Amino acid sequence: MEKIKKYLSATTGKISDYNLHFCENQAVDSVFGYYSTLAKRENIPFHALVSLPTDFSIDEINLCLVFSNLLENAIQASVKTDQARRKINVEVYPHHNHLLLIHVENTFDGKIQQENNVFQSSKRSGNGIGIESVRHITAKNGGACDFTYEDGIFSAKIMLRV
């Protein structure tokens with residue numbers, strides 16, 4: 001029992017250094033907390049400003065899938081980037097009372113490949129799944145998304161109806 005108490009005390013001490021609270025929505029907050037911890041572990045500066053309305057009509061699971069896919073891709077790309085250039089910036093905020101705007105920006109080194117406007121996977125041969133999933137959820141919601149990459153910066157801009 002003493003060993004367990006020491007372990008929990010040491011672990012709690014480490015966790016308290018992280019800013020793990022990003023918004024009032026518990027599910028989305030958990031997603032951001034998880035990925036901010038991964039980023040910190042990989043020495044990737046992670047800045048997120050997440051302002052979600054208390055009530056919104058977007059399916060919470062789909063919203064968490066969007067964030068998980070975007071943040072997973074951002075971390076994987078940033079890890080492969082020279083450490084001095086690494087960064088992930090996220091802004092999430094309501095616009096007028098019917099839109100939620102999401103902007104995720106991260107560094108990358110190397111090539112981004114697309115075929116017929118579909119991003120190719122960097123983990124295996126063939127189409128990537130993450131961004132296509134984001135596109136599908138966005139379209140199903142009646143929103144829009146745009147993905148650009150230039151000068152070592154990848155940018156995802158998503159608009160969802162709330």
# chains A, B, ... in the order shown; residues from 1 in each chain; ligands from 1
>>> residues_around(residues="stretch 28-31 of chain A", least_positions_apart="2", cutoff="10 Å", atoms="only C-alpha atoms", output="VMD selection string")
chain A and resid 20 to 26 33 to 36 50 52 60 to 61 63 to 65 67 to 68 71
>>> select_by_dssp(residues="chain A", states="alpha helix (DSSP H)", output="PDB file with N, CA and C atoms, in the first residue's frame")
ATOM      1  N   GLU A   2       1.974   1.225   0.744  1.00  0.00           N
ATOM      2  CA  GLU A   2       2.875   2.385   0.781  1.00  0.00           C
ATOM      3  C   GLU A   2       3.471   2.660  -0.597  1.00  0.00           C
ATOM      4  N   LYS A   3       3.835   1.606  -1.310  1.00  0.00           N
ATOM      5  CA  LYS A   3       4.401   1.770  -2.656  1.00  0.00           C
ATOM      6  C   LYS A   3       3.376   2.408  -3.597  1.00  0.00           C
ATOM      7  N   ILE A   4       2.134   1.999  -3.473  1.00  0.00           N
ATOM      8  CA  ILE A   4       1.069   2.573  -4.303  1.00  0.00           C
ATOM      9  C   ILE A   4       0.897   4.059  -3.992  1.00  0.00           C
ATOM     10  N   LYS A   5       0.905   4.416  -2.727  1.00  0.00           N
ATOM     11  CA  LYS A   5       0.760   5.817  -2.328  1.00  0.00           C
ATOM     12  C   LYS A   5       1.914   6.659  -2.870  1.00  0.00           C
ATOM     13  N   LYS A   6       3.135   6.128  -2.788  1.00  0.00           N
ATOM     14  CA  LYS A   6       4.307   6.861  -3.311  1.00  0.00           C
ATOM     15  C   LYS A   6       4.184   7.043  -4.826  1.00  0.00           C
ATOM     16  N   TYR A   7       3.775   5.973  -5.503  1.00  0.00           N
ATOM     17  CA  TYR A   7       3.608   6.036  -6.955  1.00  0.00           C
ATOM     18  C   TYR A   7       2.564   7.085  -7.338  1.00  0.00           C
ATOM     19  N   LEU A   8       1.404   7.057  -6.691  1.00  0.00           N
ATOM     20  CA  LEU A   8       0.340   8.020  -6.986  1.00  0.00           C
ATOM     21  C   LEU A   8       0.784   9.446  -6.681  1.00  0.00           C
ATOM     22  N   SER A   9       1.501   9.625  -5.602  1.00  0.00           N
ATOM     23  CA  SER A   9       1.995  10.950  -5.245  1.00  0.00           C
ATOM     24  C   SER A   9       2.970  11.473  -6.297  1.00  0.00           C
ATOM     25  N   ALA A  10       3.879  10.617  -6.733  1.00  0.00           N
ATOM     26  CA  ALA A  10       4.848  11.019  -7.763  1.00  0.00           C
ATOM     27  C   ALA A  10       4.150  11.310  -9.081  1.00  0.00           C
ATOM     28  N   THR A  11       3.191  10.473  -9.460  1.00  0.00           N
ATOM     29  CA  THR A  11       2.457  10.665 -10.710  1.00  0.00           C
ATOM     30  C   THR A  11       1.634  11.939 -10.664  1.00  0.00           C
ATOM     31  N   THR A  12       0.939  12.170  -9.582  1.00  0.00           N
ATOM     32  CA  THR A  12       0.131  13.385  -9.438  1.00  0.00           C
ATOM     33  C   THR A  12       1.009  14.616  -9.527  1.00  0.00           C
ATOM     34  N   GLY A  13       2.196  14.557  -8.950  1.00  0.00           N
ATOM     35  CA  GLY A  13       3.127  15.682  -9.019  1.00  0.00           C
ATOM     36  C   GLY A  13       3.528  16.004 -10.443  1.00  0.00           C
ATOM     37  N   LYS A  14       3.702  14.976 -11.263  1.00  0.00           N
ATOM     38  CA  LYS A  14       4.068  15.193 -12.662  1.00  0.00           C
ATOM     39  C   LYS A  14       2.901  15.769 -13.451  1.00  0.00           C
ATOM     40  N   ILE A  15       1.711  15.260 -13.210  1.00  0.00           N
ATOM     41  CA  ILE A  15       0.536  15.699 -13.967  1.00  0.00           C
ATOM     42  C   ILE A  15       0.198  17.149 -13.664  1.00  0.00           C
ATOM     43  N   GLN A  26     -16.553  18.025 -21.379  1.00  0.00           N
ATOM     44  CA  GLN A  26     -15.662  17.029 -20.793  1.00  0.00           C
ATOM     45  C   GLN A  26     -15.016  16.117 -21.841  1.00  0.00           C
ATOM     46  N   ALA A  27     -15.767  15.678 -22.835  1.00  0.00           N
ATOM     47  CA  ALA A  27     -15.218  14.777 -23.851  1.00  0.00           C
ATOM     48  C   ALA A  27     -14.147  15.487 -24.681  1.00  0.00           C
ATOM     49  N   VAL A  28     -14.457  16.673 -25.161  1.00  0.00           N
ATOM     50  CA  VAL A  28     -13.492  17.441 -25.961  1.00  0.00           C
ATOM     51  C   VAL A  28     -12.283  17.814 -25.106  1.00  0.00           C
ATOM     52  N   ASP A  29     -12.529  18.191 -23.868  1.00  0.00           N
ATOM     53  CA  ASP A  29     -11.445  18.533 -22.948  1.00  0.00           C
ATOM     54  C   ASP A  29     -10.496  17.341 -22.765  1.00  0.00           C
ATOM     55  N   SER A  30     -11.050  16.142 -22.683  1.00  0.00           N
ATOM     56  CA  SER A  30     -10.228  14.934 -22.540  1.00  0.00           C
ATOM     57  C   SER A  30      -9.359  14.699 -23.772  1.00  0.00           C
ATOM     58  N   VAL A  31      -9.938  14.907 -24.952  1.00  0.00           N
ATOM     59  CA  VAL A  31      -9.178  14.744 -26.194  1.00  0.00           C
ATOM     60  C   VAL A  31      -8.005  15.725 -26.206  1.00  0.00           C
ATOM     61  N   PHE A  32      -8.274  16.989 -25.891  1.00  0.00           N
ATOM     62  CA  PHE A  32      -7.202  17.983 -25.884  1.00  0.00           C
ATOM     63  C   PHE A  32      -6.167  17.694 -24.799  1.00  0.00           C
ATOM     64  N   GLY A  33      -6.613  17.249 -23.649  1.00  0.00           N
ATOM     65  CA  GLY A  33      -5.681  16.901 -22.580  1.00  0.00           C
ATOM     66  C   GLY A  33      -4.756  15.772 -22.989  1.00  0.00           C
ATOM     67  N   TYR A  34      -5.309  14.756 -23.629  1.00  0.00           N
ATOM     68  CA  TYR A  34      -4.517  13.619 -24.088  1.00  0.00           C
ATOM     69  C   TYR A  34      -3.455  14.061 -25.096  1.00  0.00           C
ATOM     70  N   TYR A  35      -3.875  14.801 -26.121  1.00  0.00           N
ATOM     71  CA  TYR A  35      -2.928  15.189 -27.170  1.00  0.00           C
ATOM     72  C   TYR A  35      -1.934  16.252 -26.700  1.00  0.00           C
ATOM     73  N   SER A  36      -2.332  17.114 -25.774  1.00  0.00           N
ATOM     74  CA  SER A  36      -1.364  18.085 -25.246  1.00  0.00           C
ATOM     75  C   SER A  36      -0.286  17.371 -24.441  1.00  0.00           C
ATOM     76  N   THR A  37      -0.659  16.308 -23.742  1.00  0.00           N
ATOM     77  CA  THR A  37       0.313  15.515 -22.990  1.00  0.00           C
ATOM     78  C   THR A  37       1.267  14.798 -23.946  1.00  0.00           C
ATOM     79  N   LEU A  38       0.728  14.219 -25.021  1.00  0.00           N
ATOM     80  CA  LEU A  38       1.593  13.591 -26.029  1.00  0.00           C
ATOM     81  C   LEU A  38       2.558  14.599 -26.634  1.00  0.00           C
ATOM     82  N   ALA A  39       2.051  15.783 -26.960  1.00  0.00           N
ATOM     83  CA  ALA A  39       2.902  16.826 -27.546  1.00  0.00           C
ATOM     84  C   ALA A  39       4.017  17.208 -26.577  1.00  0.00           C
ATOM     85  N   LYS A  40       3.673  17.391 -25.326  1.00  0.00           N
ATOM     86  CA  LYS A  40       4.679  17.755 -24.326  1.00  0.00           C
ATOM     87  C   LYS A  40       5.745  16.672 -24.222  1.00  0.00           C
ATOM     88  N   ARG A  41       5.315  15.423 -24.242  1.00  0.00           N
ATOM     89  CA  ARG A  41       6.247  14.295 -24.164  1.00  0.00           C
ATOM     90  C   ARG A  41       7.219  14.299 -25.343  1.00  0.00           C
ATOM     91  N   GLU A  60     -21.283  14.693 -30.275  1.00  0.00           N
ATOM     92  CA  GLU A  60     -20.048  14.783 -29.496  1.00  0.00           C
ATOM     93  C   GLU A  60     -18.995  13.776 -29.969  1.00  0.00           C
ATOM     94  N   ILE A  61     -19.429  12.591 -30.340  1.00  0.00           N
ATOM     95  CA  ILE A  61     -18.481  11.575 -30.823  1.00  0.00           C
ATOM     96  C   ILE A  61     -17.826  12.042 -32.114  1.00  0.00           C
ATOM     97  N   ASN A  62     -18.632  12.571 -33.041  1.00  0.00           N
ATOM     98  CA  ASN A  62     -18.069  13.074 -34.298  1.00  0.00           C
ATOM     99  C   ASN A  62     -17.118  14.239 -34.061  1.00  0.00           C
ATOM    100  N   LEU A  63     -17.482  15.131 -33.141  1.00  0.00           N
ATOM    101  CA  LEU A  63     -16.608  16.266 -32.835  1.00  0.00           C
ATOM    102  C   LEU A  63     -15.278  15.771 -32.272  1.00  0.00           C
ATOM    103  N   CYS A  64     -15.328  14.807 -31.376  1.00  0.00           N
ATOM    104  CA  CYS A  64     -14.094  14.252 -30.814  1.00  0.00           C
ATOM    105  C   CYS A  64     -13.274  13.527 -31.873  1.00  0.00           C
ATOM    106  N   LEU A  65     -13.950  12.866 -32.833  1.00  0.00           N
ATOM    107  CA  LEU A  65     -13.230  12.230 -33.944  1.00  0.00           C
ATOM    108  C   LEU A  65     -12.503  13.263 -34.794  1.00  0.00           C
ATOM    109  N   VAL A  66     -13.158  14.382 -35.058  1.00  0.00           N
ATOM    110  CA  VAL A  66     -12.516  15.456 -35.830  1.00  0.00           C
ATOM    111  C   VAL A  66     -11.261  15.920 -35.110  1.00  0.00           C
ATOM    112  N   PHE A  67     -11.393  16.256 -33.820  1.00  0.00           N
ATOM    113  CA  PHE A  67     -10.229  16.739 -33.072  1.00  0.00           C
ATOM    114  C   PHE A  67      -9.146  15.673 -32.975  1.00  0.00           C
ATOM    115  N   SER A  68      -9.524  14.433 -32.708  1.00  0.00           N
ATOM    116  CA  SER A  68      -8.533  13.361 -32.576  1.00  0.00           C
ATOM    117  C   SER A  68      -7.749  13.157 -33.865  1.00  0.00           C
ATOM    118  N   ASN A  69      -8.452  13.137 -35.000  1.00  0.00           N
ATOM    119  CA  ASN A  69      -7.763  12.959 -36.279  1.00  0.00           C
ATOM    120  C   ASN A  69      -6.819  14.118 -36.578  1.00  0.00           C
ATOM    121  N   LEU A  70      -7.290  15.340 -36.374  1.00  0.00           N
ATOM    122  CA  LEU A  70      -6.451  16.505 -36.661  1.00  0.00           C
ATOM    123  C   LEU A  70      -5.237  16.567 -35.742  1.00  0.00           C
ATOM    124  N   LEU A  71      -5.439  16.310 -34.452  1.00  0.00           N
ATOM    125  CA  LEU A  71      -4.335  16.409 -33.495  1.00  0.00           C
ATOM    126  C   LEU A  71      -3.351  15.251 -33.644  1.00  0.00           C
ATOM    127  N   GLU A  72      -3.854  14.059 -33.945  1.00  0.00           N
ATOM    128  CA  GLU A  72      -2.974  12.911 -34.193  1.00  0.00           C
ATOM    129  C   GLU A  72      -2.056  13.202 -35.379  1.00  0.00           C
ATOM    130  N   ASN A  73      -2.644  13.698 -36.475  1.00  0.00           N
ATOM    131  CA  ASN A  73      -1.845  14.054 -37.653  1.00  0.00           C
ATOM    132  C   ASN A  73      -0.830  15.143 -37.329  1.00  0.00           C
ATOM    133  N   ALA A  74      -1.256  16.144 -36.562  1.00  0.00           N
ATOM    134  CA  ALA A  74      -0.360  17.260 -36.216  1.00  0.00           C
ATOM    135  C   ALA A  74       0.838  16.768 -35.407  1.00  0.00           C
ATOM    136  N   ILE A  75       0.602  15.894 -34.465  1.00  0.00           N
ATOM    137  CA  ILE A  75       1.709  15.377 -33.647  1.00  0.00           C
ATOM    138  C   ILE A  75       2.632  14.513 -34.493  1.00  0.00           C
ATOM    139  N   GLN A  76       2.065  13.640 -35.315  1.00  0.00           N
ATOM    140  CA  GLN A  76       2.903  12.776 -36.149  1.00  0.00           C
ATOM    141  C   GLN A  76       3.760  13.584 -37.116  1.00  0.00           C
ATOM    142  N   ALA A  77       3.217  14.653 -37.665  1.00  0.00           N
ATOM    143  CA  ALA A  77       3.997  15.492 -38.578  1.00  0.00           C
ATOM    144  C   ALA A  77       5.052  16.293 -37.821  1.00  0.00           C
ATOM    145  N   SER A  78       4.686  16.826 -36.663  1.00  0.00           N
ATOM    146  CA  SER A  78       5.620  17.654 -35.897  1.00  0.00           C
ATOM    147  C   SER A  78       6.793  16.851 -35.348  1.00  0.00           C
ATOM    148  N   VAL A  79       6.555  15.609 -34.980  1.00  0.00           N
ATOM    149  CA  VAL A  79       7.629  14.755 -34.457  1.00  0.00           C
ATOM    150  C   VAL A  79       8.732  14.593 -35.498  1.00  0.00           C
ATOM    151  N   GLY A 130      -7.513   9.654 -41.758  1.00  0.00           N
ATOM    152  CA  GLY A 130      -7.850  10.723 -40.822  1.00  0.00           C
ATOM    153  C   GLY A 130      -8.513  11.928 -41.458  1.00  0.00           C
ATOM    154  N   ILE A 131      -7.877  12.505 -42.450  1.00  0.00           N
ATOM    155  CA  ILE A 131      -8.433  13.706 -43.075  1.00  0.00           C
ATOM    156  C   ILE A 131      -9.710  13.366 -43.844  1.00  0.00           C
ATOM    157  N   GLU A 132      -9.764  12.180 -44.445  1.00  0.00           N
ATOM    158  CA  GLU A 132     -10.988  11.782 -45.138  1.00  0.00           C
ATOM    159  C   GLU A 132     -12.139  11.636 -44.149  1.00  0.00           C
ATOM    160  N   SER A 133     -11.838  11.170 -42.950  1.00  0.00           N
ATOM    161  CA  SER A 133     -12.850  11.072 -41.902  1.00  0.00           C
ATOM    162  C   SER A 133     -13.350  12.465 -41.503  1.00  0.00           C
ATOM    163  N   VAL A 134     -12.424  13.400 -41.375  1.00  0.00           N
ATOM    164  CA  VAL A 134     -12.790  14.784 -41.051  1.00  0.00           C
ATOM    165  C   VAL A 134     -13.659  15.364 -42.160  1.00  0.00           C
ATOM    166  N   ARG A 135     -13.281  15.128 -43.406  1.00  0.00           N
ATOM    167  CA  ARG A 135     -14.084  15.610 -44.540  1.00  0.00           C
ATOM    168  C   ARG A 135     -15.492  15.027 -44.508  1.00  0.00           C
ATOM    169  N   HIS A 136     -15.602  13.740 -44.228  1.00  0.00           N
ATOM    170  CA  HIS A 136     -16.897  13.072 -44.190  1.00  0.00           C
ATOM    171  C   HIS A 136     -17.788  13.653 -43.088  1.00  0.00           C
ATOM    172  N   ILE A 137     -17.244  13.800 -41.894  1.00  0.00           N
ATOM    173  CA  ILE A 137     -18.014  14.345 -40.766  1.00  0.00           C
ATOM    174  C   ILE A 137     -18.437  15.783 -41.057  1.00  0.00           C
ATOM    175  N   THR A 138     -17.531  16.552 -41.642  1.00  0.00           N
ATOM    176  CA  THR A 138     -17.828  17.949 -41.972  1.00  0.00           C
ATOM    177  C   THR A 138     -18.953  18.032 -43.005  1.00  0.00           C
ATOM    178  N   ALA A 139     -18.867  17.222 -44.039  1.00  0.00           N
ATOM    179  CA  ALA A 139     -19.899  17.229 -45.086  1.00  0.00           C
ATOM    180  C   ALA A 139     -21.243  16.770 -44.522  1.00  0.00           C
ATOM    181  N   LYS A 140     -21.219  15.746 -43.690  1.00  0.00           N
ATOM    182  CA  LYS A 140     -22.445  15.229 -43.079  1.00  0.00           C
ATOM    183  C   LYS A 140     -23.118  16.299 -42.219  1.00  0.00           C
TER     184      LYS A 140
END
>>> closest_residue(among="A:Asn43, A:Leu99, A:Gly142, A:Asn89", to="A:Ser155", atoms="only C-alpha atoms")
A:Asn89
>>> select_by_dssp(residues="stretch 26-74 of chain A", states="strand (DSSP E or B)", output="PDB file with N, CA and C atoms, in the first residue's frame")
ATOM      1  N   PHE A  46       2.584  23.162 -27.717  1.00  0.00           N
ATOM      2  CA  PHE A  46       1.172  22.935 -28.020  1.00  0.00           C
ATOM      3  C   PHE A  46       0.369  24.070 -27.402  1.00  0.00           C
ATOM      4  N   HIS A  47      -0.271  24.869 -28.251  1.00  0.00           N
ATOM      5  CA  HIS A  47      -1.081  25.997 -27.780  1.00  0.00           C
ATOM      6  C   HIS A  47      -2.496  25.803 -28.310  1.00  0.00           C
ATOM      7  N   ALA A  48      -3.455  25.809 -27.402  1.00  0.00           N
ATOM      8  CA  ALA A  48      -4.844  25.609 -27.818  1.00  0.00           C
ATOM      9  C   ALA A  48      -5.753  26.594 -27.101  1.00  0.00           C
ATOM     10  N   LEU A  49      -6.552  27.290 -27.871  1.00  0.00           N
ATOM     11  CA  LEU A  49      -7.590  28.172 -27.356  1.00  0.00           C
ATOM     12  C   LEU A  49      -8.907  27.556 -27.810  1.00  0.00           C
ATOM     13  N   VAL A  50      -9.615  26.940 -26.868  1.00  0.00           N
ATOM     14  CA  VAL A  50     -10.825  26.197 -27.202  1.00  0.00           C
ATOM     15  C   VAL A  50     -12.013  26.843 -26.494  1.00  0.00           C
TER      16      VAL A  50
END
>>> atom_distance(atom1="atom CA of A:Asn117", atom2="atom CA of A:Ile129")
13.1 Å
>>> atom_distance(atom1="atom CA of A:Gly152", atom2="atom CA of A:Gly110")
8.2 Å
>>> residues_around(residues="A:Asp151", least_positions_apart="6", cutoff="12 Å", atoms="only C-alpha atoms", output="list in words")
Arg85, Asn106, Thr107, Phe108, Asp109, Gly110, Lys111 and Ile112 of chain A
>>> write_last_selection(atoms="N, CA and C atoms", output="JSON list (two decimals), in the first residue's frame")
[["chain", "number", "residue", "atom", "x", "y", "z"],
["A", 85, "ARG", "N", 11.74, 23.90, -34.86],
["A", 85, "ARG", "CA", 10.58, 24.40, -35.61],
["A", 85, "ARG", "C", 9.26, 23.82, -35.15],
["A", 106, "ASN", "N", 0.16, 23.14, -37.84],
["A", 106, "ASN", "CA", 1.34, 22.46, -37.32],
["A", 106, "ASN", "C", 2.47, 22.50, -38.34],
["A", 107, "THR", "N", 3.66, 22.29, -37.83],
["A", 107, "THR", "CA", 4.83, 22.23, -38.70],
["A", 107, "THR", "C", 4.96, 20.83, -39.30],
["A", 108, "PHE", "N", 5.64, 20.77, -40.43],
["A", 108, "PHE", "CA", 5.98, 19.48, -41.04],
["A", 108, "PHE", "C", 7.24, 19.65, -41.86],
["A", 109, "ASP", "N", 7.98, 18.59, -42.00],
["A", 109, "ASP", "CA", 9.12, 18.51, -42.91],
["A", 109, "ASP", "C", 8.85, 17.35, -43.85],
["A", 110, "GLY", "N", 9.29, 17.48, -45.04],
["A", 110, "GLY", "CA", 9.10, 16.37, -45.96],
["A", 110, "GLY", "C", 8.00, 16.65, -46.96],
["A", 111, "LYS", "N", 7.53, 15.57, -47.56],
["A", 111, "LYS", "CA", 6.55, 15.67, -48.64],
["A", 111, "LYS", "C", 5.16, 15.31, -48.14],
["A", 112, "ILE", "N", 4.19, 16.03, -48.64],
["A", 112, "ILE", "CA", 2.79, 15.66, -48.44],
["A", 112, "ILE", "C", 2.29, 15.23, -49.80]]
>>> residues_around(residues="A:Ile102", least_positions_apart="6", cutoff="8 Å", atoms="only C-alpha atoms", output="PDB file with N, CA, C and O atoms, in the first residue's frame")
ATOM      1  N   VAL A  90      -3.878  25.591 -32.051  1.00  0.00           N
ATOM      2  CA  VAL A  90      -5.280  25.259 -32.295  1.00  0.00           C
ATOM      3  C   VAL A  90      -6.158  26.398 -31.800  1.00  0.00           C
ATOM      4  O   VAL A  90      -5.945  26.922 -30.705  1.00  0.00           O
ATOM      5  N   GLU A  91      -7.143  26.751 -32.615  1.00  0.00           N
ATOM      6  CA  GLU A  91      -8.178  27.705 -32.204  1.00  0.00           C
ATOM      7  C   GLU A  91      -9.531  27.083 -32.524  1.00  0.00           C
ATOM      8  O   GLU A  91      -9.744  26.583 -33.629  1.00  0.00           O
ATOM      9  N   VAL A  92     -10.422  27.104 -31.543  1.00  0.00           N
ATOM     10  CA  VAL A  92     -11.780  26.609 -31.724  1.00  0.00           C
ATOM     11  C   VAL A  92     -12.705  27.641 -31.106  1.00  0.00           C
ATOM     12  O   VAL A  92     -12.563  27.975 -29.928  1.00  0.00           O
ATOM     13  N   TYR A  93     -13.624  28.168 -31.904  1.00  0.00           N
ATOM     14  CA  TYR A  93     -14.514  29.190 -31.363  1.00  0.00           C
ATOM     15  C   TYR A  93     -15.809  29.275 -32.170  1.00  0.00           C
ATOM     16  O   TYR A  93     -15.832  28.981 -33.364  1.00  0.00           O
ATOM     17  N   ALA A 156      -5.308  23.190 -41.199  1.00  0.00           N
ATOM     18  CA  ALA A 156      -6.643  22.617 -41.375  1.00  0.00           C
ATOM     19  C   ALA A 156      -7.650  23.620 -40.864  1.00  0.00           C
ATOM     20  O   ALA A 156      -7.583  24.045 -39.711  1.00  0.00           O
ATOM     21  N   LYS A 157      -8.589  24.012 -41.720  1.00  0.00           N
ATOM     22  CA  LYS A 157      -9.648  24.940 -41.324  1.00  0.00           C
ATOM     23  C   LYS A 157     -10.985  24.234 -41.526  1.00  0.00           C
ATOM     24  O   LYS A 157     -11.286  23.775 -42.631  1.00  0.00           O
ATOM     25  N   ILE A 158     -11.744  24.148 -40.448  1.00  0.00           N
ATOM     26  CA  ILE A 158     -13.001  23.407 -40.451  1.00  0.00           C
ATOM     27  C   ILE A 158     -14.116  24.341 -39.978  1.00  0.00           C
ATOM     28  O   ILE A 158     -13.938  25.096 -39.027  1.00  0.00           O
ATOM     29  N   MET A 159     -15.257  24.262 -40.658  1.00  0.00           N
ATOM     30  CA  MET A 159     -16.438  25.010 -40.248  1.00  0.00           C
ATOM     31  C   MET A 159     -17.567  24.007 -40.069  1.00  0.00           C
ATOM     32  O   MET A 159     -17.900  23.259 -40.986  1.00  0.00           O
TER      33      MET A 159
END
